[in-house]
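The next block holds one structure in the form of structure tokens; read it before the comments.
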Amino acid sequence: MKKALNITIIAVLILLSLLINAKADEFEIIPSVVVREEYNDNIFFTKDDKIDDFITTLAGSLELIERTERLNTNLFGRVAPFWYADNSELDETDWQVRGSADYQFTPLFKAGASAGYLVDNRPDRDVDVTGVILGPRERERWNAGLGADYSFDEITAANLTYAFRDEEFKDQELNDLKAHDVNLGFTRNLSGWWEATTARVNIGYSYFDYKTSNTEIAFGSLGVEHWFTEKFSALLDLGPRYSHSDFDTLRLEAVAPGVFQPKVVSDSDSQWGGVGSLDLDYREERTFSRFTASHGLYPVSGRPGPTERTSARVSLTHLFTEKLRVSLPLGWIRNRADGDEFSVDEIDQDTAYIRPFVRWEFYDGFTLEGRYNFSYIWDRDDDEERYRHLAFVQLAYGLPLFDFFRDFDPVSGDRAGFGFDQFR
């Protein structure tokens with residue numbers, strides 16, 4: 001029922017866009033196909049008894065884009081079956097559909113909506129994204145969002161966003177999640193007294209609803225974005241955070257002298273903390289680099305509650321030619337939560353990854369890529385280390401050279417002032 005509802009929402013978004021302006025200035029249909037062959041030396045990310053395998057992935061996608069002077073719409077769908085050479089019981093199909101539409105009602109006001117549906121199954125899909133292993137369980141994710149931007153004048157603007165995420169697992173050992181996030185932001189150009197500088201204010205509220213816990217978060221931040229040169233910019237947001245969590249926990253209660261039995265009781269916790277993010281961008285003609293760091297309270301798939309997450313990510317890219325690029329993404333993620341903070345479960349874990357790759361568009365529309373991925377996890381609670389080596393070769397047709405990495409294998413950073421990663 002929910003699957004049909006979300007697909008219907010996406011279809012309605014596109015239909016409305018066509019009705020608003022049937023005569024498009026630009027309309028594109030972009031098909032693409034990807035074939036990947038990879039080797040993974042630890043597909044379950046275990047410490048001992050590691051299982052390795054070769055995995056073949058075939059992904060096909062179709063994207064529809066319509067642009068006019070006022071309207072932008074996008075509809076995207078992908079189906080990606082994958083097969084294990086020795087562990088055929090893990091063979092599955094990941095698929096995704098998403099759509100968005102935004103409309104410029106006046107020169108000062110723009111609004112839009114988006115919706116999406118995702119099914120994924122790979123055991124290590126979240127390691128480089130959230131830093132936490134999810135395992136070989138099928139996840140269904142629905143998401144939707146609304147947003148509006150308004151410019152008061154040439155230097156002052158505001159934006160309001162709402163995002164919703166619903167995750168469900170067939171495995172009852174993992175926790176389903178419903179998350180809501182509302183954010184109100186203001187920006188003001190300060191170039192009148194500080195050239196190439198914009199001040200920022202964000203105020204937000206998030207609500208994470210798990211099966212055995214729920215957490216409310218109120219946060220705010222002050223920030224500044226400054227262009228030191230045409231090539232180098234920095235963006236910094238910092239602010240306070242207040243959270244309140246209600247969760248179920250087990251306690252031993254006396255039922256007779258010397259006799260105790262566990263009982264589920266309700267507990268709660270409130271605390272102050274902080275949110276923050278830092279983005280540094282440097283761009284030469286053929287070299288691009290970016291550093292992002294963030295700290296905040298975020299939900300994690302499958303867990304009974306959110307974690308306090310700190311992350312730092314670096315991406316270095318160089319173009320040897322217009323068709324050949326080499327990139328070096330690497331990152332560090334720490335998740336921490338005590339057993340009496342946000343839920344009964346606790347975590348204290350560091351994750352690091354490095355993923356160098358080379359991509360070559362050797363013929364019009366055809367792209368060849370090779371990548372190596374090393375991921376490392378240190379569980380501080382158990383003083384246990386786990387790691388995984390992964391390498392693949394990939395052939396694609398139809399995906400742009402620069403958009404390919406972001407679209408097919410996204411790893412997103414966390415943003416203070418936005419309670420969760422809406423589209424991963």
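Chain lettering (A, B, ...) mirrors the order of the structure tokens, residue numbering begins at 1 for each chain separately, and ligand numbering begins at 1 in order of display.
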For this session: Please run DSSP on the backbone and report, as a VMD selection string, all residues within region 40-179 of chain A that come out as strand (DSSP E or B).
Result: chain A and resid 40 53 to 67 71 to 84 92 to 106 109 to 120 139 to 151 156 to 169 175 177 to 179
File dump, residues just selected, C-alpha atoms, as a short mmCIF file (atom, residue, chain, number, x, y, z; two decimals), in the first residue's frame:
```
data_model
loop_
_atom_site.label_atom_id
_atom_site.label_comp_id
_atom_site.auth_asym_id
_atom_site.auth_seq_id
_atom_site.Cartn_x
_atom_site.Cartn_y
_atom_site.Cartn_z
CA ASN A 40 34.93 -8.37 -1.64
CA ASP A 53 33.20 -13.58 -2.96
CA PHE A 54 32.95 -12.16 -6.47
CA ILE A 55 29.82 -10.10 -7.09
CA THR A 56 28.31 -9.14 -10.44
CA THR A 57 25.92 -6.18 -10.66
CA LEU A 58 23.80 -5.14 -13.62
CA ALA A 59 22.02 -1.82 -13.18
CA GLY A 60 19.65 -0.12 -15.60
CA SER A 61 18.18 3.33 -15.06
CA LEU A 62 15.97 5.84 -16.81
CA GLU A 63 15.77 9.56 -16.08
CA LEU A 64 13.24 12.08 -17.41
CA ILE A 65 14.02 15.79 -17.11
CA GLU A 66 11.82 18.73 -18.04
CA ARG A 67 12.92 22.36 -17.73
CA LEU A 71 9.50 24.73 -13.89
CA ASN A 72 12.04 22.00 -13.19
CA THR A 73 10.95 18.36 -12.90
CA ASN A 74 12.88 15.14 -12.64
CA LEU A 75 11.82 11.50 -12.52
CA PHE A 76 14.41 8.78 -12.00
CA GLY A 77 14.20 4.99 -11.70
CA ARG A 78 16.81 2.25 -11.35
CA VAL A 79 16.78 -1.55 -11.07
CA ALA A 80 20.04 -3.22 -9.98
CA PRO A 81 20.10 -7.02 -9.55
CA PHE A 82 23.35 -8.52 -8.23
CA TRP A 83 24.69 -12.06 -8.05
CA TYR A 84 27.29 -13.72 -5.78
CA GLU A 92 18.91 -9.87 -4.63
CA THR A 93 17.68 -6.86 -6.58
CA ASP A 94 18.04 -3.29 -5.37
CA TRP A 95 15.77 -0.72 -6.94
CA GLN A 96 14.93 2.92 -6.55
CA VAL A 97 12.46 5.48 -7.89
CA ARG A 98 12.38 9.17 -7.05
CA GLY A 99 10.84 12.33 -8.41
CA SER A 100 10.95 16.05 -7.78
CA ALA A 101 9.36 19.24 -9.07
CA ASP A 102 9.93 22.90 -8.24
CA TYR A 103 8.24 25.98 -9.63
CA GLN A 104 9.29 29.63 -9.66
CA PHE A 105 5.98 31.30 -8.84
CA THR A 106 7.44 34.83 -8.80
CA PHE A 109 9.32 32.94 -4.45
CA LYS A 110 10.04 29.32 -5.39
CA ALA A 111 8.57 26.09 -3.95
CA GLY A 112 8.98 22.40 -4.64
CA ALA A 113 8.29 18.84 -3.56
CA SER A 114 10.04 15.49 -3.81
CA ALA A 115 9.33 11.84 -3.06
CA GLY A 116 11.18 8.57 -3.37
CA TYR A 117 11.19 4.85 -2.68
CA LEU A 118 14.24 2.62 -2.20
CA VAL A 119 14.82 -1.10 -1.63
CA ASP A 120 18.36 -2.25 -0.86
CA ARG A 139 15.39 -2.37 3.84
CA GLU A 140 12.48 -0.40 2.40
CA ARG A 141 12.78 3.36 2.60
CA TRP A 142 10.13 5.93 1.72
CA ASN A 143 10.94 9.61 1.81
CA ALA A 144 9.25 12.86 0.92
CA GLY A 145 10.03 16.52 1.21
CA LEU A 146 8.61 20.01 0.77
CA GLY A 147 10.54 23.24 0.47
CA ALA A 148 10.13 26.93 -0.24
CA ASP A 149 12.55 29.81 -0.83
CA TYR A 150 11.68 33.49 -0.55
CA SER A 151 13.88 36.52 -1.23
CA THR A 156 18.16 38.77 2.38
CA ALA A 157 16.44 35.43 1.84
CA ALA A 158 14.67 32.67 3.78
CA ASN A 159 13.97 28.99 3.20
CA LEU A 160 11.67 26.50 4.90
CA THR A 161 11.99 22.73 4.45
CA TYR A 162 10.19 19.64 5.73
CA ALA A 163 11.52 16.11 5.23
CA PHE A 164 10.05 12.73 6.14
CA ARG A 165 11.69 9.31 6.12
CA ASP A 166 10.12 5.91 6.82
CA GLU A 167 12.31 2.78 7.00
CA GLU A 168 11.01 -0.76 7.44
CA PHE A 169 12.83 -4.10 7.72
CA ASN A 175 14.16 -1.43 14.33
CA LEU A 177 12.17 4.18 11.86
CA LYS A 178 9.99 7.20 11.13
CA ALA A 179 11.80 10.52 11.09
#
```
Problem set entry | Near-Arg355 (chain A) list (10 Å; only C-alpha atoms; drop same-chain fewer than 3 positions) as number ranges by chain | A: 128, 315, 327-331, 371-375, 390-391
What would the file look like if the residues just selected were written as a short mmCIF file (atom, residue, chain, number, x, y, z; two decimals), in the first residue's frame with C-alpha atoms?
```cif
data_model
loop_
_atom_site.label_atom_id
_atom_site.label_comp_id
_atom_site.auth_asym_id
_atom_site.auth_seq_id
_atom_site.Cartn_x
_atom_site.Cartn_y
_atom_site.Cartn_z
CA ASP A 128 30.94 4.38 4.43
CA SER A 315 37.68 14.35 -1.57
CA SER A 327 39.76 10.85 -7.36
CA LEU A 328 40.67 10.06 -3.76
CA PRO A 329 37.74 10.15 -1.29
CA LEU A 330 38.53 9.27 2.33
CA GLY A 331 36.73 9.76 5.60
CA ARG A 371 38.12 1.44 -7.81
CA TYR A 372 39.68 0.12 -4.62
CA ASN A 373 37.89 0.49 -1.27
CA PHE A 374 39.35 -0.15 2.18
CA SER A 375 37.02 0.23 5.17
CA LEU A 390 36.92 -4.32 -2.03
CA ALA A 391 37.91 -3.75 -5.65
#
```
For this session: Quote the spacing between CA of Tyr282 (chain A) and CA of Lys231 (chain A) in Å to one decimal place.
Result: 5.4 Å
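Among the candidates A:Val201, A:Ile333, A:Ala293, A:Val344, the one nearest to Ser266 (chain A) when counting only C-alpha atoms is A:Val344.
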Exercise. Looking at A:Lys170, A:His295, A:His226, A:Lys47, which one is nearest to Asp382 (chain A), with distances taken over only C-alpha atoms?
Worked result: A:Lys47
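With CA of Ile217 (chain A) on one side and CA of His244 (chain A) on the other, the separation reads 6.7 Å.
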